[in-house]
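Asks: Data: work16.csv, CSV, C-alpha atoms and all ligand atoms.
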```csv
chain,number,residue,atom,x,y,z
A,1,MET,CA,-124.0,17.7,-227.2
A,2,SER,CA,-121.6,20.5,-226.1
A,3,ILE,CA,-120.2,20.4,-222.6
A,4,LYS,CA,-121.3,23.4,-220.6
A,5,LYS,CA,-119.4,22.9,-217.4
A,6,ASN,CA,-115.8,23.3,-216.3
A,7,PHE,CA,-114.3,22.5,-212.9
A,8,HIS,CA,-110.6,23.3,-213.5
A,9,THR,CA,-110.4,27.1,-213.5
A,10,HIS,CA,-107.7,29.6,-212.3
A,11,THR,CA,-108.2,33.3,-211.6
A,12,THR,CA,-106.1,36.3,-210.5
A,13,TYR,CA,-105.9,34.6,-207.0
A,14,CYS,CA,-103.2,32.4,-208.6
A,15,ASP,CA,-101.8,32.5,-212.1
A,16,GLY,CA,-105.1,33.1,-214.0
A,17,LYS,CA,-105.8,36.3,-216.0
A,18,ASN,CA,-109.3,37.1,-214.9
A,19,THR,CA,-111.1,37.7,-211.6
A,20,PRO,CA,-113.6,35.1,-210.4
A,21,GLU,CA,-116.5,37.4,-211.3
A,22,GLU,CA,-115.3,38.1,-214.8
A,23,THR,CA,-115.0,34.3,-215.3
A,24,VAL,CA,-118.5,33.7,-213.9
A,25,LYS,CA,-119.9,36.2,-216.4
A,26,ALA,CA,-118.0,34.6,-219.3
A,27,ALA,CA,-119.3,31.2,-218.3
A,28,ILE,CA,-122.9,32.5,-218.2
A,29,ALA,CA,-122.5,34.1,-221.6
A,30,LEU,CA,-121.4,30.7,-222.9
A,31,GLY,CA,-124.5,29.1,-221.5
A,32,PHE,CA,-122.6,27.2,-218.8
A,33,THR,CA,-124.8,25.5,-216.1
A,34,ALA,CA,-121.9,24.9,-213.7
A,35,LEU,CA,-118.4,26.4,-213.0
A,36,GLY,CA,-115.9,25.2,-210.5
A,37,PHE,CA,-112.8,27.2,-209.4
A,38,SER,CA,-109.6,25.4,-208.6
A,39,GLY,CA,-107.0,27.9,-207.4
A,40,HIS,CA,-103.4,26.5,-207.1
A,41,ALA,CA,-102.8,25.5,-203.5
A,42,HIS,CA,-99.9,26.9,-201.7
A,43,THR,CA,-96.5,25.2,-202.2
A,44,PRO,CA,-94.0,26.6,-199.7
A,45,PHE,CA,-91.0,26.0,-202.0
A,46,ASP,CA,-92.5,27.9,-205.0
A,47,LEU,CA,-94.6,31.0,-204.5
A,48,SER,CA,-94.5,32.0,-208.1
A,49,TYR,CA,-98.0,30.7,-209.2
A,50,ALA,CA,-99.9,29.5,-206.1
A,51,MET,CA,-102.1,31.2,-203.5
A,52,SER,CA,-100.7,32.1,-200.2
A,53,HIS,CA,-102.7,30.8,-197.2
A,54,ALA,CA,-104.1,34.3,-196.7
A,55,ALA,CA,-105.0,34.5,-200.4
A,56,ALA,CA,-106.7,31.1,-200.2
A,57,ASP,CA,-108.9,32.5,-197.3
A,58,LYS,CA,-109.9,35.5,-199.5
A,59,TYR,CA,-110.5,33.2,-202.5
A,60,TYR,CA,-112.7,30.9,-200.4
A,61,ALA,CA,-114.8,33.9,-199.1
A,62,GLU,CA,-115.1,35.5,-202.6
A,63,ILE,CA,-116.2,32.3,-204.4
A,64,ASN,CA,-118.7,31.6,-201.7
A,65,ALA,CA,-120.1,35.2,-201.9
A,66,LEU,CA,-120.4,34.7,-205.7
A,67,LYS,CA,-122.3,31.5,-205.2
A,68,ALA,CA,-125.0,33.4,-203.3
A,69,GLU,CA,-125.0,36.3,-205.7
A,70,TYR,CA,-125.4,34.1,-208.8
A,71,CYS,CA,-127.6,31.5,-207.3
A,72,GLY,CA,-130.3,30.4,-209.8
A,73,ARG,CA,-128.2,31.5,-212.8
A,74,ILE,CA,-125.2,29.2,-212.6
A,75,GLU,CA,-124.0,26.6,-210.1
A,76,LEU,CA,-120.7,27.6,-208.6
A,77,TYR,CA,-118.2,25.4,-206.8
A,78,CYS,CA,-115.2,26.4,-204.7
A,79,GLY,CA,-112.5,23.8,-205.3
A,80,ILE,CA,-108.7,23.7,-205.2
A,81,GLU,CA,-106.0,22.3,-207.3
A,82,GLN,CA,-103.9,20.6,-204.7
A,83,ASP,CA,-100.3,20.0,-205.6
A,84,TYR,CA,-98.8,16.7,-204.3
A,85,TYR,CA,-96.4,18.8,-202.3
A,86,SER,CA,-98.8,21.5,-201.1
A,87,ASP,CA,-99.2,22.2,-197.4
A,88,GLU,CA,-102.7,23.8,-197.8
A,89,PRO,CA,-105.4,21.8,-195.8
A,90,VAL,CA,-107.9,20.1,-198.1
A,91,THR,CA,-110.9,20.0,-195.8
A,92,ARG,CA,-113.0,23.0,-196.6
A,93,TRP,CA,-113.2,22.8,-200.4
A,94,ASP,CA,-116.2,21.6,-202.5
A,95,TYR,CA,-113.8,19.3,-204.3
A,96,VAL,CA,-110.1,18.7,-204.9
A,97,ILE,CA,-108.1,18.2,-208.1
A,98,GLY,CA,-105.0,16.3,-207.2
A,99,SER,CA,-102.0,17.3,-209.4
A,100,VAL,CA,-98.3,16.5,-209.5
A,101,HIS,CA,-96.3,19.6,-210.8
A,102,TYR,CA,-92.9,18.6,-209.3
A,103,VAL,CA,-90.6,15.7,-209.0
A,104,LEU,CA,-88.7,15.8,-205.7
A,105,LYS,CA,-85.1,14.6,-206.2
A,106,ASN,CA,-82.1,15.1,-203.9
A,107,GLY,CA,-84.0,17.8,-202.0
A,108,GLU,CA,-84.8,19.7,-205.2
A,109,TYR,CA,-88.4,20.3,-206.5
A,110,ILE,CA,-88.1,20.0,-210.2
A,111,PRO,CA,-91.1,21.7,-211.9
A,112,VAL,CA,-92.3,19.4,-214.8
A,113,ASP,CA,-94.4,22.1,-216.6
A,114,GLU,CA,-92.2,25.2,-216.6
A,115,THR,CA,-89.7,24.7,-219.5
A,116,ALA,CA,-88.2,21.9,-221.5
A,117,GLN,CA,-84.8,23.1,-220.6
A,118,ILE,CA,-85.5,22.6,-216.8
A,119,LEU,CA,-86.4,19.0,-217.5
A,120,LYS,CA,-83.3,18.4,-219.7
A,121,ASP,CA,-81.0,20.1,-217.1
A,122,ALA,CA,-82.6,18.1,-214.3
A,123,ALA,CA,-82.1,14.8,-216.2
A,124,ILE,CA,-78.4,15.6,-216.5
A,125,LYS,CA,-78.0,16.9,-212.9
A,126,HIS,CA,-79.9,14.2,-211.1
A,127,TYR,CA,-80.3,11.2,-213.4
A,128,GLY,CA,-77.0,10.9,-215.3
A,129,GLY,CA,-78.7,12.2,-218.5
A,130,ASP,CA,-81.4,9.5,-218.5
A,131,ILE,CA,-84.7,11.3,-218.9
A,132,TYR,CA,-86.7,8.1,-218.5
A,133,LYS,CA,-85.5,7.9,-214.9
A,134,LEU,CA,-87.1,11.3,-214.3
A,135,VAL,CA,-90.3,10.2,-216.0
A,136,GLU,CA,-90.3,7.1,-213.8
A,137,ASP,CA,-90.0,9.2,-210.7
A,138,TYR,CA,-92.8,11.5,-212.0
A,139,PHE,CA,-95.3,8.6,-212.5
A,140,ALA,CA,-94.2,7.0,-209.2
A,141,THR,CA,-95.3,10.3,-207.5
A,142,VAL,CA,-98.6,10.5,-209.6
A,143,ALA,CA,-99.4,6.9,-208.5
A,144,ASP,CA,-99.9,8.2,-204.9
A,145,VAL,CA,-101.7,11.5,-205.8
A,146,VAL,CA,-105.1,10.5,-204.6
A,147,GLY,CA,-103.7,9.0,-201.4
A,148,LYS,CA,-101.8,12.1,-200.7
A,149,THR,CA,-104.3,14.8,-201.7
A,150,ASN,CA,-107.6,13.1,-201.2
A,151,ALA,CA,-108.4,14.2,-204.8
A,152,ASP,CA,-111.9,13.9,-206.3
A,153,ILE,CA,-110.4,14.4,-209.8
A,154,ILE,CA,-106.9,13.3,-211.0
A,155,GLY,CA,-105.3,16.3,-212.7
A,156,HIS,CA,-103.4,16.1,-216.0
A,157,PHE,CA,-102.1,12.6,-215.5
A,158,ASP,CA,-99.2,12.8,-218.1
A,159,LEU,CA,-98.2,16.5,-217.5
A,160,ILE,CA,-94.6,15.3,-217.9
A,161,THR,CA,-95.4,15.3,-221.7
A,162,LYS,CA,-96.1,19.0,-221.8
A,163,PHE,CA,-93.0,19.7,-223.9
A,164,ASN,CA,-92.9,16.4,-225.6
A,165,GLU,CA,-94.9,17.3,-228.7
A,166,GLY,CA,-93.6,15.2,-231.6
A,167,GLU,CA,-91.8,13.1,-228.9
A,168,ALA,CA,-89.1,15.9,-228.7
A,169,MET,CA,-87.8,14.6,-225.4
A,170,PHE,CA,-88.7,10.9,-225.0
A,171,SER,CA,-90.6,8.2,-226.8
A,172,GLU,CA,-94.1,7.6,-225.4
A,173,SER,CA,-94.0,4.0,-226.9
A,174,ASP,CA,-90.8,3.2,-225.1
A,175,PRO,CA,-91.4,0.2,-222.8
A,176,ARG,CA,-89.9,2.2,-219.9
A,177,TYR,CA,-92.4,5.0,-220.4
A,178,VAL,CA,-95.3,2.6,-220.9
A,179,ASP,CA,-94.4,0.6,-217.8
A,180,ALA,CA,-94.0,3.7,-215.7
A,181,TYR,CA,-97.5,5.2,-216.5
A,182,ARG,CA,-99.2,1.8,-216.4
A,183,ALA,CA,-97.8,1.1,-212.9
A,184,ALA,CA,-99.4,4.5,-211.8
A,185,LEU,CA,-102.7,3.5,-213.5
A,186,ILE,CA,-102.7,0.2,-211.6
A,187,LYS,CA,-102.4,2.0,-208.3
A,188,LEU,CA,-104.9,4.8,-209.2
A,189,ILE,CA,-107.8,2.9,-210.8
A,190,PRO,CA,-109.0,1.3,-207.6
A,191,TYR,CA,-109.7,4.7,-206.0
A,192,ASN,CA,-112.5,5.1,-208.6
A,193,LYS,CA,-111.7,8.8,-209.2
A,194,PRO,CA,-112.0,10.3,-212.7
A,195,PHE,CA,-108.9,11.2,-214.7
A,196,GLU,CA,-109.4,14.6,-216.3
A,197,ILE,CA,-109.0,15.1,-220.0
A,198,ASN,CA,-107.3,18.5,-219.8
A,199,THR,CA,-107.2,20.8,-222.8
A,200,GLY,CA,-105.1,23.6,-221.0
A,201,ALA,CA,-101.9,23.0,-222.9
A,202,MET,CA,-103.7,23.1,-226.2
A,203,ALA,CA,-105.3,26.4,-225.3
A,204,ARG,CA,-101.9,27.8,-224.5
A,205,GLY,CA,-100.2,26.4,-227.6
A,206,TYR,CA,-97.9,23.8,-226.1
A,207,ARG,CA,-99.7,20.7,-227.4
A,208,SER,CA,-101.9,19.7,-230.3
A,209,ALA,CA,-103.9,17.2,-228.2
A,210,PRO,CA,-105.2,17.1,-224.6
A,211,TYR,CA,-103.7,15.3,-221.6
A,212,PRO,CA,-103.7,12.3,-221.3
A,213,SER,CA,-102.5,10.8,-224.6
A,214,LYS,CA,-104.9,8.6,-226.6
A,215,GLN,CA,-102.9,5.4,-225.6
A,216,ILE,CA,-103.2,6.3,-221.9
A,217,LEU,CA,-106.9,7.1,-222.2
A,218,GLN,CA,-107.4,3.8,-224.0
A,219,ASP,CA,-105.7,2.0,-221.1
A,220,ILE,CA,-107.9,3.9,-218.6
A,221,TYR,CA,-111.0,2.7,-220.5
A,222,ASN,CA,-109.8,-0.9,-220.7
A,223,MET,CA,-109.0,-0.9,-217.0
A,224,GLY,CA,-112.5,0.4,-216.1
A,225,GLY,CA,-111.5,3.9,-215.2
A,226,SER,CA,-113.6,7.1,-215.6
A,227,ILE,CA,-112.9,10.5,-217.0
A,228,ALA,CA,-113.8,14.2,-216.5
A,229,ILE,CA,-113.3,16.9,-219.1
A,230,SER,CA,-111.7,20.3,-218.2
A,231,SER,CA,-110.0,23.2,-219.9
A,232,ASP,CA,-107.6,24.1,-217.0
A,233,CYS,CA,-108.7,27.6,-217.8
A,234,HIS,CA,-106.3,30.5,-217.1
A,235,ASP,CA,-108.1,32.9,-219.4
A,236,LYS,CA,-111.9,33.3,-219.6
A,237,ALA,CA,-111.7,33.2,-223.5
A,238,ALA,CA,-110.6,29.6,-223.2
A,239,LEU,CA,-113.3,28.3,-220.7
A,240,ASP,CA,-114.5,25.6,-223.1
A,241,TYR,CA,-111.4,25.4,-225.3
A,242,GLY,CA,-111.2,22.0,-227.1
A,243,PHE,CA,-114.1,20.5,-225.4
A,244,ASP,CA,-115.6,19.0,-228.6
A,245,GLU,CA,-112.2,17.5,-229.5
A,246,ALA,CA,-111.8,16.1,-225.9
A,247,ALA,CA,-115.3,14.5,-226.1
A,248,SER,CA,-114.5,12.9,-229.5
A,249,LEU,CA,-111.2,11.6,-228.2
A,250,ALA,CA,-113.0,10.1,-225.2
A,251,LYS,CA,-115.7,8.5,-227.5
A,252,SER,CA,-113.0,7.1,-229.8
A,253,CYS,CA,-111.6,5.2,-226.8
A,254,GLY,CA,-115.0,3.8,-225.9
A,255,PHE,CA,-116.1,6.2,-223.2
A,256,LYS,CA,-119.8,7.0,-223.2
A,257,ARG,CA,-120.0,9.1,-220.0
A,258,PHE,CA,-117.9,11.6,-218.1
A,259,MET,CA,-117.9,12.7,-214.5
A,260,VAL,CA,-119.0,16.1,-213.2
A,261,ILE,CA,-119.1,17.8,-209.8
A,262,THR,CA,-122.6,18.2,-208.3
A,263,LYS,CA,-123.9,19.3,-204.9
A,264,ASP,CA,-124.2,15.6,-204.2
A,265,GLY,CA,-120.7,14.8,-205.2
A,266,LEU,CA,-119.4,13.2,-208.4
A,267,LYS,CA,-122.1,12.1,-211.0
A,268,SER,CA,-121.8,10.9,-214.5
A,269,GLU,CA,-123.3,12.5,-217.6
A,270,GLU,CA,-123.6,11.3,-221.2
A,271,LEU,CA,-120.9,12.4,-223.5
B,301,ZN,ZN,-102.0,21.8,-212.8
B,302,ZN,ZN,-104.6,23.9,-213.3
```
Turn the structure described in the file into structure tokens.

Replies:
Amino acid sequence: MSIKKNFHTHTTYCDGKNTPEETVKAAIALGFTALGFSGHAHTPFDLSYAMSHAAADKYYAEINALKAEYCGRIELYCGIEQDYYSDEPVTRWDYVIGSVHYVLKNGEYIPVDETAQILKDAAIKHYGGDIYKLVEDYFATVADVVGKTNADIIGHFDLITKFNEGEAMFSESDPRYVDAYRAALIKLIPYNKPFEINTGAMARGYRSAPYPSKQILQDIYNMGGSIAISSDCHDKAALDYGFDEAASLAKSCGFKRFMVITKDGLKSEEL
């Protein structure tokens, strides 16, 4: 069964290509029954991609107006992708995706998803060239993402692997890597919030598989965790990009259900 819902969607209010209404129309054309917007919450130290507080107010008003306009045709939700270091209040949104996009080290916010070179340079500058130390700091931050952001969905758990296709930067079977992500899982599983399987980096050509990796998904399953499936859409043409592949990956790890946002909060559906 194809998945006809997405709750991780960016628009021109942040770094997405399309307006909210263009995206709603594309979702309806695909036969979607629900669409959730998740604009990037303001980060005071990096204004390059996120919504200002004023833009967040406009975004909130526009999505809520669209909800009324498209009522009966598609369920719309006004969420936010709350960065760990965002200063945007999380109280008014229909749901929150909690994401770590930076490692804070020696007063510097190191973006983990901008370029491979930034990560390599940061490892040299702050970690004596040991990239695993940077990875350890990343997962130590992720471990606290629900506590910090009050997230309903845990965003791209292993974003630090964005530029690690073919293990170009570090080995994902190295015990230090495995220990770092497992320590984060141990802290996050008790919150009982879904980990998203995110196809965004596939849609944009950085990766051949979704986040998180199969080994991490298998661990999430074995530890009793749950999943959501999202395209981290920045372009309406990619609203359901890789959903079939994400669903097969989830099934291959043992998952039979995935979580979705509803008017009554998170509910599970059959994969
Ligand atoms: Zn993100
Ligand atoms: Zn996103």

Asks: Can you tell me which residues surround stretch 214-230 of chain A at a distance of at most 8 Å, considering only C-alpha atoms, apart from same-chain residues fewer than 4 positions away, and format the answer as a ChimeraX atom specification?

Replies: /A:6-8,153,181,185,189,192-200,240,243,246-247,249-250,253-255,257-260

Asks: Quick check, in Å to one decimal: how far apart do atom CA of A:Ala34 and atom CA of A:Tyr77 lie?

Replies: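 Going from atom CA of A:Ala34 over to atom CA of A:Tyr77 covers 7.8 Å.
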
Asks: Can you tell me which residues come within 9 Å of ligand ZN 302 (chain B) when counting all atoms listed in the file, ideally as an MDAnalysis selection string?

Replies: chainID A and resid 8:10 38:40 81 97 99 155:156 198 200 231:234

Asks: Here is a test: counting all atoms listed in the file, which residue of A:Val135, A:Ala116, A:Leu188, A:Ala209 is nearest to A:Asp174?

Replies: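 When distances to A:Asp174 are compared using all atoms listed in the file, the smallest one comes from A:Val135.
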
Asks: Suppose you want the space between atom CA of A:Lys25 and atom CA of A:Ile74; what is it in Å?

Replies: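 About the pair atom CA of A:Lys25 and atom CA of A:Ile74: they are 9.6 Å apart.
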
Asks: Would you please work out which residue, of A:Ala54, A:Leu239, A:Leu76, A:Ile118, is nearest to A:Ile160 when using all atoms listed in the file?

Replies: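 Checking each of A:Ala54, A:Leu239, A:Leu76, A:Ile118 against A:Ile160, counting all atoms listed in the file, the winner is A:Ile118.
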
Asks: How far is it from atom CA of A:Pro212 to atom CA of A:Glu21, in Å with one decimal?

Replies: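 Atom-to-atom, atom CA of A:Pro212 and atom CA of A:Glu21 are spaced 29.9 Å apart.
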
Asks: Excluding A:Ala56 and residues on its chain fewer than 5 positions from it, collect all residues at most 12 Å away from it, counting all atoms listed in the file, and give them as a list of chain:residue names.

Replies: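 So, after excluding close chain neighbours, the residues are A:Thr11, A:Thr12, A:Tyr13, A:Cys14, A:Phe37, A:Ser38, A:Gly39, A:His40, A:Ala41, A:His42, A:Thr43, A:Ala50, A:Met51, A:Ala61, A:Glu62, A:Ile63, A:Cys78, A:Gly79, A:Ile80, A:Glu81, A:Gln82, A:Asp87, A:Glu88, A:Pro89, A:Val90, A:Arg92, A:Trp93.
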
Asks: Do a neighbour search on A:Pro44 at 9 Å with all atoms listed in the file, toss out local chain neighbours closer than 6 positions, and write the hits as a short mmCIF file (atom, residue, chain, number, x, y, z; two decimals) with C-alpha atoms, in the frame of the given file.

Replies:
```cif
data_model
loop_
_atom_site.label_atom_id
_atom_site.label_comp_id
_atom_site.auth_asym_id
_atom_site.auth_seq_id
_atom_site.Cartn_x
_atom_site.Cartn_y
_atom_site.Cartn_z
CA SER A 52 -100.70 32.10 -200.20
CA TYR A 85 -96.40 18.80 -202.30
CA SER A 86 -98.80 21.50 -201.10
CA ASP A 87 -99.20 22.20 -197.40
#
```

Asks: Between A:Leu30, A:Glu108, A:Val100, A:Ser48, which has the minimum distance to A:Asp15 (counting only C-alpha atoms)?

Replies: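 Comparing A:Leu30, A:Glu108, A:Val100, A:Ser48 against A:Asp15, the winner is A:Ser48.
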
Asks: Applying 12 Å and only C-alpha atoms, which residues near A:Leu119 remain after dropping the ones on its own chain fewer than 5 positions away? List them as a PyMOL selection string.

Replies: chain A and resi 101-103+109-114+124-127+129-135+138+160-164+168-170

Asks: Give me a file of those residues, with C-alpha atoms, as a compact mmCIF listing (two decimals), keeping the file's coordinate frame.

Replies:
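Contents of selection35.txt, as written:
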```
# COMPACT_ATOMS: atom_id res chain seq x y z
CA HIS A 101 -96.30 19.60 -210.80
CA TYR A 102 -92.90 18.60 -209.30
CA VAL A 103 -90.60 15.70 -209.00
CA TYR A 109 -88.40 20.30 -206.50
CA ILE A 110 -88.10 20.00 -210.20
CA PRO A 111 -91.10 21.70 -211.90
CA VAL A 112 -92.30 19.40 -214.80
CA ASP A 113 -94.40 22.10 -216.60
CA GLU A 114 -92.20 25.20 -216.60
CA ILE A 124 -78.40 15.60 -216.50
CA LYS A 125 -78.00 16.90 -212.90
CA HIS A 126 -79.90 14.20 -211.10
CA TYR A 127 -80.30 11.20 -213.40
CA GLY A 129 -78.70 12.20 -218.50
CA ASP A 130 -81.40 9.50 -218.50
CA ILE A 131 -84.70 11.30 -218.90
CA TYR A 132 -86.70 8.10 -218.50
CA LYS A 133 -85.50 7.90 -214.90
CA LEU A 134 -87.10 11.30 -214.30
CA VAL A 135 -90.30 10.20 -216.00
CA TYR A 138 -92.80 11.50 -212.00
CA ILE A 160 -94.60 15.30 -217.90
CA THR A 161 -95.40 15.30 -221.70
CA LYS A 162 -96.10 19.00 -221.80
CA PHE A 163 -93.00 19.70 -223.90
CA ASN A 164 -92.90 16.40 -225.60
CA ALA A 168 -89.10 15.90 -228.70
CA MET A 169 -87.80 14.60 -225.40
CA PHE A 170 -88.70 10.90 -225.00
```

Asks: Return the single residue from A:Glu167, A:Asp158, A:Asp94, A:Glu75 that is closest to ligand ZN 301 (chain B), with distances computed using all atoms listed in the file.

Replies: A:Asp158

Asks: From the list A:Leu266, A:Leu104, A:Val96, A:Ala65, which residue is nearest ligand ZN 301 (chain B) when using all atoms listed in the file?

Replies: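 Closest to ligand ZN 301 (chain B), using all atoms listed in the file: A:Val96.
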